[in-house]
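Student: What follows is coords.txt, made up of compact mmCIF, C-alpha atoms:
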```txt
# COMPACT_ATOMS: atom_id res chain seq x y z
CA MET U 1 2.59 -8.57 -39.67
CA LEU U 2 -1.16 -8.93 -40.07
CA SER U 3 -1.07 -10.30 -43.60
CA LYS U 4 0.60 -13.72 -43.90
CA LYS U 5 1.12 -13.07 -47.60
CA SER U 6 2.97 -9.80 -46.91
CA VAL U 7 5.06 -11.43 -44.19
CA ASP U 8 5.97 -14.39 -46.41
CA HIS U 9 6.66 -12.34 -49.56
CA TYR U 10 8.18 -9.13 -48.16
CA VAL U 11 9.01 -9.11 -44.45
CA VAL U 12 10.79 -12.47 -44.19
CA PRO U 13 12.82 -12.04 -47.41
CA LEU U 14 13.94 -8.55 -46.35
CA LEU U 15 14.90 -9.69 -42.86
CA ARG U 16 16.68 -12.76 -44.25
CA TYR U 17 18.58 -10.61 -46.78
CA ALA U 18 19.74 -8.24 -44.03
CA HIS U 19 20.59 -11.07 -41.62
CA GLU U 20 22.65 -12.96 -44.21
CA ARG U 21 24.71 -9.83 -44.80
CA GLY U 22 25.36 -9.18 -41.13
CA ALA U 23 22.97 -6.26 -40.73
CA ARG U 24 21.17 -6.02 -37.42
CA THR U 25 17.39 -5.96 -37.67
CA GLN U 26 14.53 -4.59 -35.62
CA ILE U 27 10.76 -4.74 -35.97
CA ASN U 28 8.48 -2.41 -34.06
CA SER U 29 5.35 -4.13 -32.80
CA ASN U 30 2.83 -3.84 -30.02
CA LEU U 31 3.24 -7.63 -29.58
CA THR U 32 -0.51 -8.21 -29.45
CA LEU U 33 -0.65 -10.75 -32.28
CA PRO U 34 -0.68 -14.46 -31.49
CA LEU U 35 2.88 -15.60 -30.72
CA LYS U 36 2.85 -18.00 -33.67
CA GLN U 37 2.72 -15.04 -36.09
CA TYR U 38 6.09 -13.77 -34.83
CA GLU U 39 7.86 -17.13 -35.04
CA VAL U 40 8.57 -16.99 -38.78
CA ILE U 41 10.65 -13.80 -38.38
CA LEU U 42 12.58 -14.78 -35.24
CA PRO U 43 15.53 -16.47 -37.00
CA TYR U 44 16.34 -13.20 -38.78
CA LEU U 45 15.51 -10.68 -36.06
CA ASP U 46 17.76 -9.03 -33.51
CA VAL U 47 15.24 -6.81 -31.69
CA LEU U 48 11.48 -6.64 -31.25
CA HIS U 49 10.66 -3.12 -30.07
CA ILE U 50 7.54 -1.92 -28.27
CA SER U 51 6.44 1.70 -27.95
CA HIS U 52 4.34 1.53 -24.80
CA ASN U 53 3.06 4.90 -23.62
CA TYR U 54 0.63 3.77 -20.96
CA GLY U 55 0.92 3.75 -17.20
CA SER U 56 -1.39 0.82 -16.61
CA LYS U 57 -3.48 -1.90 -18.17
CA GLU U 58 -6.47 0.42 -17.88
CA ASP U 59 -4.63 3.24 -19.71
CA PHE U 60 -3.72 0.82 -22.47
CA ALA U 61 -7.36 -0.23 -22.84
CA GLU U 62 -8.75 3.31 -22.74
CA ILE U 63 -6.14 5.36 -24.60
CA GLY U 64 -4.76 2.79 -27.02
CA PHE U 65 -8.12 2.26 -28.68
CA LYS U 66 -9.68 5.69 -28.15
CA GLU U 67 -9.76 6.82 -31.78
CA MET U 68 -10.85 3.51 -33.30
CA ALA U 69 -14.22 3.65 -35.03
CA ASN U 70 -14.91 -0.01 -34.20
CA ALA U 71 -12.89 -0.53 -31.04
CA PRO U 72 -12.90 -4.00 -29.50
CA SER U 73 -14.70 -4.62 -26.22
CA MET U 74 -12.91 -3.78 -22.98
CA ASP U 75 -12.43 -7.49 -22.31
CA LYS U 76 -10.64 -7.89 -25.65
CA ARG U 77 -8.51 -4.81 -24.98
CA TYR U 78 -7.41 -6.27 -21.65
CA ALA U 79 -6.72 -9.57 -23.42
CA PHE U 80 -4.48 -7.73 -25.91
CA PHE U 81 -2.55 -6.22 -23.00
CA ASP U 82 -2.14 -9.62 -21.35
CA ARG U 83 -1.00 -11.14 -24.65
CA MET U 84 1.57 -8.37 -25.09
CA VAL U 85 3.05 -9.09 -21.66
CA GLU U 86 3.02 -12.86 -22.19
CA ASN U 87 4.54 -12.55 -25.67
CA ALA U 88 7.32 -10.32 -24.32
CA ARG U 89 8.08 -12.86 -21.58
CA GLU U 90 8.03 -15.85 -23.92
CA LEU U 91 10.12 -14.19 -26.63
CA THR U 92 12.67 -13.10 -24.03
CA LYS U 93 12.88 -16.70 -22.77
CA ARG U 94 13.65 -17.72 -26.37
CA GLY U 95 16.55 -15.27 -26.49
CA VAL U 96 14.86 -12.48 -28.45
CA LEU U 97 15.82 -9.00 -27.30
CA VAL U 98 12.53 -7.25 -26.56
CA SER U 99 13.07 -3.54 -26.01
CA ALA U 100 10.51 -1.02 -24.88
CA GLU U 101 10.30 2.73 -24.59
CA THR U 102 7.75 5.13 -23.24
CA MET U 103 7.10 8.83 -23.17
CA VAL U 104 7.45 10.48 -19.80
CA ASN U 105 4.09 12.05 -18.99
CA GLU U 106 1.70 12.32 -16.06
CA ARG U 107 0.32 8.84 -16.70
CA THR U 108 3.64 7.04 -17.09
CA LEU U 109 5.87 8.87 -14.61
CA PRO U 110 4.45 7.24 -11.44
CA HIS U 111 5.13 3.80 -12.93
CA LEU U 112 8.67 4.29 -14.22
CA GLU U 113 10.52 3.42 -11.02
CA LYS U 114 8.33 0.35 -10.44
CA ASN U 115 8.87 -0.91 -14.00
CA SER U 116 12.57 -0.16 -14.42
```
Once more with this new file: its structure as structure tokens, please.

Tutor:
Amino acid sequence: MLSKKSVDHYVVPLLRYAHERGARTQINSNLTLPLKQYEVILPYLDVLHISHNYGSKEDFAEIGFKEMANAPSMDKRYAFFDRMVENARELTKRGVLVSAETMVNERTLPHLEKNS
């Protein structure tokens, strides 16, 4: 989804092909891109799926970028988290099914009841 050329020439045509034939479609994303970049696929998409294995915004910022050689600043990491939440809310308002899953571990377990 990062390359507009790839989205326009591969992702959209594949999703359109599947949609026109009645196949259900899903894209996995962390939903941190600007909302506008998702809009072109929405007419052909049934589910946007997030794998979110963090217990908090801080975990997302620390763990999610831990292995990156040129990780963004903490402020940008927090902004990515906020964008993910806002994108999920906005897409849901538009009727997109946004699904999420997480691993059960010591960081996520205390948050599962609160977030379910």

Student: Please list as a ChimeraX atom specification every residue within 12 Å of Val104 in chain U, counting only C-alpha atoms and excluding residues in the same chain fewer than 2 positions away.

Tutor: /U:52-55,101-102,106-113

Student: Could you tell me which of U:Phe60, U:Phe65, U:Phe80, U:Tyr10 comes closest to Leu33 in chain U if we count only C-alpha atoms?

Tutor: U:Phe80

Student: Taking only C-alpha atoms into account, which of U:Asp46, U:Glu58, U:Asp8, U:Glu67 comes nearest Ala79 in chain U?

Tutor: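 Counting only C-alpha atoms, the residue closest to Ala79 in chain U is U:Glu58.
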
Student: Between U:Ser56, U:Gln37, U:Asn70, U:Thr32, single out the one closest to Ala88 in chain U, counting only C-alpha atoms.

Tutor: U:Thr32

Student: Which one of U:Lys76, U:His49, U:Lys57, U:Arg83 sits closest to Val98 in chain U if you count all atoms listed in the file?

Tutor: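 Looking only at the distances to Val98 in chain U, the closest residue turns out to be U:His49.
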
Student: With distances taken over all atoms listed in the file, which of U:Met68, U:Val96, U:Leu45, U:Leu35 is nearest to Tyr17 in chain U?

Tutor: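 The answer is U:Leu45, which sits nearest to Tyr17 in chain U.
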
Student: In Å, how far is it from CA of Thr92 in chain U to CA of Arg24 in chain U?

Tutor: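 Value for the CA of Thr92 in chain U-CA of Arg24 in chain U distance: 17.4 Å.
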
Student: Which residue is closest to Val47 in chain U? Choose from U:Ile27, U:Leu2, U:Val7, U:Ile63 and count all atoms listed in the file.

Tutor: U:Ile27

Student: As JSON, please: the centre and edge lengths in Å, to one decimal, of an axis-aligned box enclosing every listed atom of range 95-111 of chain U with 6 Å added on each side.

Tutor:
```
{"center_x": 8.4, "center_y": -1.5, "center_z": -19.9, "size_x": 28.2, "size_y": 39.6, "size_z": 29.0}
```

Student: Quick one, how far is CA of Asn87 in chain U from CA of Tyr38 in chain U?

Tutor: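 Taking CA of Asn87 in chain U and CA of Tyr38 in chain U, their separation equals 9.4 Å.
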
Student: Excluding range 13-16 of chain U and its own-chain neighbours fewer than 2 positions away, which residues fall within 8 Å of it when counting all atoms listed in the file? Please give them as a list in words.

Tutor: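 Counting only the stated atoms, we get Asp8, His9, Tyr10, Val11, Ala18, His19, Glu20, Thr25, Ile41, Tyr44 and Leu45 of chain U.
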
Student: Distance CA of Lys4 in chain U-CA of Val40 in chain U, one decimal place?

Tutor: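 These two atoms are separated by 10.0 Å.
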